[in-house]
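One structure is given below, encoded as structure tokens.
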Amino acid sequence: GLNYTRFAHRSWIAVPVETDARQAANQLRETDSSLFDYTISMGLGILACRRRPGRAYEVFPIHWPSRNSPDRIELDRFAERYRNQLEQAGVLENRSRRDRYPDYR
């Protein structure tokens, strides 16, 4: 989770739980209090994942992450590394369009 803060505005960790949303934070504190406290102190979010019938999971937030201000160079490196996927998802503008219209943003 900490590694993702290099290029992400928010970062989460997902942890398995056996209880419902109301009791999940208590279960995590009891199971591994140092992980719970460390995760929160580092500004990471915690998602509890409870197994459901079949292959499904119920996922719910236990702690919302702090907003992070990643380094601009790290953001650019991440965007270039995954440019094809980000363009297909519509997150980044297609490079060919950007090259045709250099003033377009």
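Residue numbering restarts at 1 for every chain of the structure tokens, chains are lettered A, B, ... in their displayed order, and ligands are numbered from 1 as they appear.
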
Using only C-alpha atoms, find each residue in stretch 21-98 of chain A having at least one atom no more than 9 Å away from stretch 3-12 of chain A; report its shortest atom-to-atom pair and that distance in Å (one decimal), rows by chain then rising number, as CSV.
residue,atom,partner,partner_atom,distance
A:Gly43,CA,A:Ser11,CA,8.1
A:Leu44,CA,A:Trp12,CA,5.4
A:Gly45,CA,A:Trp12,CA,4.3
A:Ile46,CA,A:Trp12,CA,5.5
A:Leu47,CA,A:Trp12,CA,6.7
A:His63,CA,A:Trp12,CA,8.9
A:Trp64,CA,A:Trp12,CA,8.2
A:Pro65,CA,A:Arg10,CA,5.9
A:Ser66,CA,A:Arg10,CA,6.5
A:Arg67,CA,A:Arg10,CA,5.5
A:Asn68,CA,A:His9,CA,4.5
A:Ser69,CA,A:His9,CA,6.0
A:Pro70,CA,A:Phe7,CA,5.1
A:Asp71,CA,A:Arg6,CA,6.6
A:Arg72,CA,A:Phe7,CA,8.0
A:Ile73,CA,A:Phe7,CA,8.6
A:Glu74,CA,A:Phe7,CA,5.4
A:Leu75,CA,A:Phe7,CA,4.8
A:Asp76,CA,A:Phe7,CA,8.4
A:Arg77,CA,A:Phe7,CA,8.6
A:Phe78,CA,A:Phe7,CA,6.8

I'd like the neighbourhood of A:Thr19 as a PyMOL selection string, where a residue qualifies if any of its atoms comes within 12 Å (using only C-alpha atoms), though same-chain residues fewer than 6 positions away should be ignored. chain A and resi 25-28+48-52+58-60

Residue set, stretch 11-80 of chain A restricted to strand (DSSP E), as JSON, numbers by chain: {"A": [12, 13, 14, 15, 16, 17, 45, 46, 47, 48, 49, 50, 51, 57, 58, 59, 60, 61, 62, 63]}

Have a look at A:Ser33, A:Glu80, A:Gly54, A:Gln23 and name the one nearest to A:Leu92; count only C-alpha atoms.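 Going through A:Ser33, A:Glu80, A:Gly54, A:Gln23 one by one, the smallest distance to A:Leu92 is for A:Glu80.
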
Every residue of stretch 8-95 of chain A that DSSP places in alpha helix (DSSP H), as a PyMOL selection string: chain A and resi 21-31+33-41+72-81+83-88+95

Would you mind exporting the chosen residues as an mmCIF file, in the first residue's frame, restricted to C-alpha atoms?
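Produced file selection_34.cif, reproduced below:
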data_model
loop_
_atom_site.group_PDB
_atom_site.id
_atom_site.type_symbol
_atom_site.label_atom_id
_atom_site.label_comp_id
_atom_site.auth_asym_id
_atom_site.auth_seq_id
_atom_site.Cartn_x
_atom_site.Cartn_y
_atom_site.Cartn_z
ATOM 1 C CA ALA A 21 -19.209 -4.315 8.490
ATOM 2 C CA ARG A 22 -20.152 -3.182 12.008
ATOM 3 C CA GLN A 23 -17.693 -5.572 13.677
ATOM 4 C CA ALA A 24 -14.887 -5.706 11.087
ATOM 5 C CA ALA A 25 -12.758 -2.913 12.584
ATOM 6 C CA ASN A 26 -12.938 -4.562 16.011
ATOM 7 C CA GLN A 27 -11.957 -7.920 14.517
ATOM 8 C CA LEU A 28 -8.945 -6.389 12.759
ATOM 9 C CA ARG A 29 -7.834 -4.547 15.893
ATOM 10 C CA GLU A 30 -8.020 -7.771 17.889
ATOM 11 C CA THR A 31 -6.372 -9.924 15.213
ATOM 12 C CA SER A 33 -3.553 -4.333 16.220
ATOM 13 C CA SER A 34 -0.059 -3.288 15.084
ATOM 14 C CA LEU A 35 -1.002 -3.666 11.395
ATOM 15 C CA PHE A 36 -4.246 -1.787 11.982
ATOM 16 C CA ASP A 37 -2.517 1.082 13.816
ATOM 17 C CA TYR A 38 0.408 1.249 11.380
ATOM 18 C CA THR A 39 -1.865 1.333 8.346
ATOM 19 C CA ILE A 40 -3.872 4.204 9.774
ATOM 20 C CA SER A 41 -0.774 6.104 10.920
ATOM 21 C CA ARG A 72 4.743 14.655 -10.453
ATOM 22 C CA ILE A 73 7.589 12.623 -11.974
ATOM 23 C CA GLU A 74 6.221 9.419 -10.402
ATOM 24 C CA LEU A 75 2.751 10.215 -11.782
ATOM 25 C CA ASP A 76 4.185 10.730 -15.268
ATOM 26 C CA ARG A 77 6.208 7.504 -15.093
ATOM 27 C CA PHE A 78 3.135 5.566 -13.990
ATOM 28 C CA ALA A 79 1.025 7.088 -16.779
ATOM 29 C CA GLU A 80 3.615 6.216 -19.423
ATOM 30 C CA ARG A 81 4.105 2.683 -18.094
ATOM 31 C CA ARG A 83 -0.505 4.393 -21.174
ATOM 32 C CA ASN A 84 -2.257 1.820 -23.408
ATOM 33 C CA GLN A 85 -4.530 0.588 -20.634
ATOM 34 C CA LEU A 86 -5.255 4.116 -19.383
ATOM 35 C CA GLU A 87 -6.091 5.333 -22.889
ATOM 36 C CA GLN A 88 -8.436 2.376 -23.453
ATOM 37 C CA ARG A 95 -1.803 10.166 -27.736
#
